[in-house]
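To keep things clear, I will list the structure first and then write my remarks on it.
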Amino acid sequence: MAKKLFVGNLPYTTTNEELGEFFAQFGEVLSAAVIMDRTTGRSKGYGFVEMTDDAAADAAIAAADSQDGAELDGRKLTVSVARPKGDMTLAA
């Protein structure tokens with residue numbers, strides 16, 4: 001089953017293709033999207049990656065949570081399971 005991930009702290013120059021290529025090291029990527037500001041056309045610094053299976057998604061989360069962290073162009077990424085848009089509850 002596919003799992004969608006939230007990816008934060010992206011470099012502002014990251015493209016959809018670069019994001020997908022980075023996460024391909026953990027498994028097959030179904031989609032990768034960097035969220036852009038409608039007004040300026042610049043990246044908002046976060047995006048979403050959809051992995052084909054849970055094991056690949058879990059590996060990406062574990063890499064980001066490790067002591068070394070997952071780094072893209074010198075920035076440590078924050079990676080977590082994406083929540084539905086209306087679900088703004090904080091994790092305990």
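Chain labels run A, B, ... following the order of the structure tokens; each chain numbers its residues from 1, and ligands are numbered from 1 in the order shown.
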Where does region 27-58 of chain A meet region 70-90 of chain A within 10 Å, residue by residue, with the nearest atom pair and distance in Å to one decimal for each, counting only C-alpha atoms, listed by chain and rising number, as a tab-separated table?
residue	atom	partner	partner_atom	distance
A:Tyr46	CA	A:Thr78	CA	9.2
A:Gly47	CA	A:Val79	CA	9.8
A:Phe48	CA	A:Ala82	CA	7.6
A:Val49	CA	A:Ala82	CA	9.0
A:Glu50	CA	A:Ala82	CA	9.4
A:Ala57	CA	A:Val81	CA	8.2
A:Asp58	CA	A:Val81	CA	8.8
Please, could you write that set of residues out with N, CA, C and O atoms as an mmCIF file, in the first residue's frame?
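Generated output (out17.cif):
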data_model
loop_
_atom_site.group_PDB
_atom_site.id
_atom_site.type_symbol
_atom_site.label_atom_id
_atom_site.label_comp_id
_atom_site.auth_asym_id
_atom_site.auth_seq_id
_atom_site.Cartn_x
_atom_site.Cartn_y
_atom_site.Cartn_z
ATOM 1 N N TYR A 46 8.659 23.074 1.474
ATOM 2 C CA TYR A 46 8.181 21.750 1.857
ATOM 3 C C TYR A 46 7.513 21.084 0.663
ATOM 4 O O TYR A 46 7.255 21.714 -0.355
ATOM 5 N N GLY A 47 7.284 19.793 0.814
ATOM 6 C CA GLY A 47 6.657 19.054 -0.275
ATOM 7 C C GLY A 47 6.124 17.719 0.199
ATOM 8 O O GLY A 47 6.131 17.425 1.403
ATOM 9 N N PHE A 48 5.679 16.919 -0.750
ATOM 10 C CA PHE A 48 5.105 15.608 -0.451
ATOM 11 C C PHE A 48 5.679 14.573 -1.405
ATOM 12 O O PHE A 48 5.876 14.859 -2.586
ATOM 13 N N VAL A 49 5.952 13.392 -0.856
ATOM 14 C CA VAL A 49 6.461 12.279 -1.646
ATOM 15 C C VAL A 49 5.573 11.086 -1.364
ATOM 16 O O VAL A 49 5.286 10.777 -0.203
ATOM 17 N N GLU A 50 5.132 10.412 -2.416
ATOM 18 C CA GLU A 50 4.326 9.207 -2.255
ATOM 19 C C GLU A 50 5.185 8.007 -2.628
ATOM 20 O O GLU A 50 5.673 7.907 -3.756
ATOM 21 N N ALA A 57 8.735 3.926 2.766
ATOM 22 C CA ALA A 57 8.384 5.157 3.485
ATOM 23 C C ALA A 57 8.981 5.139 4.886
ATOM 24 O O ALA A 57 9.533 6.139 5.347
ATOM 25 N N ASP A 58 8.886 4.004 5.560
ATOM 26 C CA ASP A 58 9.446 3.878 6.907
ATOM 27 C C ASP A 58 10.961 4.049 6.893
ATOM 28 O O ASP A 58 11.546 4.634 7.811
#
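DSSP, applied to the backbone of this structure, assigns alpha helix (DSSP H) to the following residues of chain A: Asn16, Glu17, Glu18, Leu19, Gly20, Glu21, Phe22, Phe23, Asp54, Ala55, Ala56, Ala57, Asp58, Ala59, Ala60, Ile61, Ala62, Ala63, Ala64 and Asp65 of chain A.
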Strand (DSSP E) per DSSP on the backbone: members of chain A, as a ChimeraX atom specification: /A:3-8,29-36,43-51,71-72,75-76,78-81
Restricted to N, CA, C and O atoms, what would the selected residues look like written as a short mmCIF file (atom, residue, chain, number, x, y, z; two decimals), in the first residue's frame?
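Saved to selection22.cif:
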data_model
loop_
_atom_site.label_atom_id
_atom_site.label_comp_id
_atom_site.auth_asym_id
_atom_site.auth_seq_id
_atom_site.Cartn_x
_atom_site.Cartn_y
_atom_site.Cartn_z
N LYS A 3 2.22 5.04 0.68
CA LYS A 3 2.21 5.91 1.85
C LYS A 3 2.74 7.28 1.42
O LYS A 3 3.76 7.37 0.74
N LYS A 4 2.02 8.33 1.82
CA LYS A 4 2.41 9.70 1.46
C LYS A 4 3.18 10.32 2.62
O LYS A 4 2.77 10.24 3.78
N LEU A 5 4.30 10.96 2.29
CA LEU A 5 5.16 11.57 3.29
C LEU A 5 5.18 13.09 3.14
O LEU A 5 5.15 13.62 2.02
N PHE A 6 5.26 13.78 4.27
CA PHE A 6 5.48 15.22 4.30
C PHE A 6 6.99 15.41 4.44
O PHE A 6 7.64 14.75 5.25
N VAL A 7 7.56 16.31 3.64
CA VAL A 7 8.99 16.59 3.70
C VAL A 7 9.17 18.09 3.93
O VAL A 7 8.75 18.90 3.11
N GLY A 8 9.76 18.43 5.06
CA GLY A 8 9.97 19.83 5.41
C GLY A 8 11.44 20.21 5.36
O GLY A 8 12.32 19.36 5.29
N VAL A 29 9.30 5.58 -5.94
CA VAL A 29 8.53 6.81 -5.70
C VAL A 29 7.40 6.89 -6.73
O VAL A 29 7.64 6.82 -7.92
N LEU A 30 6.17 7.03 -6.23
CA LEU A 30 5.02 7.21 -7.13
C LEU A 30 4.91 8.64 -7.60
O LEU A 30 4.63 8.92 -8.76
N SER A 31 5.10 9.58 -6.67
CA SER A 31 5.01 11.00 -7.02
C SER A 31 5.82 11.83 -6.03
O SER A 31 6.05 11.40 -4.90
N ALA A 32 6.26 12.98 -6.49
CA ALA A 32 6.99 13.92 -5.65
C ALA A 32 6.59 15.33 -6.07
O ALA A 32 6.60 15.64 -7.26
N ALA A 33 6.21 16.15 -5.09
CA ALA A 33 5.76 17.50 -5.41
C ALA A 33 6.29 18.50 -4.38
O ALA A 33 6.09 18.34 -3.19
N VAL A 34 6.99 19.51 -4.89
CA VAL A 34 7.43 20.63 -4.06
C VAL A 34 6.31 21.66 -4.12
O VAL A 34 5.82 21.99 -5.20
N ILE A 35 5.87 22.14 -2.97
CA ILE A 35 4.76 23.10 -2.91
C ILE A 35 5.30 24.51 -3.20
O ILE A 35 6.25 24.96 -2.57
N MET A 36 4.65 25.16 -4.17
CA MET A 36 5.09 26.48 -4.60
C MET A 36 4.09 27.55 -4.17
O MET A 36 2.89 27.29 -4.10
N SER A 43 9.40 28.20 -4.13
CA SER A 43 9.11 27.07 -3.25
C SER A 43 8.77 27.58 -1.85
O SER A 43 9.33 28.57 -1.38
N LYS A 44 7.86 26.87 -1.19
CA LYS A 44 7.53 27.20 0.19
C LYS A 44 8.43 26.44 1.17
O LYS A 44 8.32 26.60 2.38
N GLY A 45 9.32 25.60 0.64
CA GLY A 45 10.27 24.89 1.50
C GLY A 45 9.76 23.56 2.03
O GLY A 45 10.37 22.98 2.92
N TYR A 46 8.66 23.07 1.47
CA TYR A 46 8.18 21.75 1.86
C TYR A 46 7.51 21.08 0.66
O TYR A 46 7.26 21.71 -0.36
N GLY A 47 7.28 19.79 0.81
CA GLY A 47 6.66 19.05 -0.27
C GLY A 47 6.12 17.72 0.20
O GLY A 47 6.13 17.42 1.40
N PHE A 48 5.68 16.92 -0.75
CA PHE A 48 5.10 15.61 -0.45
C PHE A 48 5.68 14.57 -1.41
O PHE A 48 5.88 14.86 -2.59
N VAL A 49 5.95 13.39 -0.86
CA VAL A 49 6.46 12.28 -1.65
C VAL A 49 5.57 11.09 -1.36
O VAL A 49 5.29 10.78 -0.20
N GLU A 50 5.13 10.41 -2.42
CA GLU A 50 4.33 9.21 -2.25
C GLU A 50 5.18 8.01 -2.63
O GLU A 50 5.67 7.91 -3.76
N MET A 51 5.38 7.10 -1.65
CA MET A 51 6.19 5.90 -1.85
C MET A 51 5.25 4.73 -2.14
O MET A 51 4.13 4.69 -1.65
N GLU A 71 19.91 14.51 4.46
CA GLU A 71 20.32 15.84 4.03
C GLU A 71 20.18 15.99 2.53
O GLU A 71 20.56 15.11 1.78
N LEU A 72 19.66 17.13 2.10
CA LEU A 72 19.53 17.46 0.69
C LEU A 72 20.11 18.86 0.49
O LEU A 72 19.64 19.82 1.11
N ARG A 75 20.86 20.76 3.73
CA ARG A 75 19.79 21.02 4.71
C ARG A 75 19.24 19.69 5.22
O ARG A 75 18.92 18.80 4.44
N LYS A 76 19.11 19.59 6.54
CA LYS A 76 18.53 18.38 7.14
C LYS A 76 17.02 18.40 6.96
O LYS A 76 16.35 19.35 7.36
N THR A 78 13.08 17.20 7.39
CA THR A 78 12.15 16.61 8.33
C THR A 78 11.18 15.78 7.50
O THR A 78 10.64 16.27 6.51
N VAL A 79 11.00 14.53 7.89
CA VAL A 79 10.16 13.62 7.13
C VAL A 79 9.19 12.94 8.08
O VAL A 79 9.59 12.42 9.12
N SER A 80 7.91 12.97 7.74
CA SER A 80 6.89 12.31 8.55
C SER A 80 5.75 11.86 7.64
O SER A 80 5.66 12.28 6.49
N VAL A 81 4.89 11.01 8.19
CA VAL A 81 3.72 10.58 7.43
C VAL A 81 2.81 11.79 7.26
O VAL A 81 2.56 12.54 8.21
#
All residues 9 Å or closer to Gln25 (chain A), only C-alpha atoms, same chain fewer than 3 positions away omitted, as an MDAnalysis selection string: chainID A and resid 21:22 28 56 60
Gap from CA of Ile61 (chain A) to CA of Asp37 (chain A) - Å, one decimal: 25.6 Å
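Closest approach to Ala62 (chain A) from the set A:Phe26, A:Gly41, A:Tyr12, A:Gly20 is made by A:Phe26, with distances taken over only C-alpha atoms.
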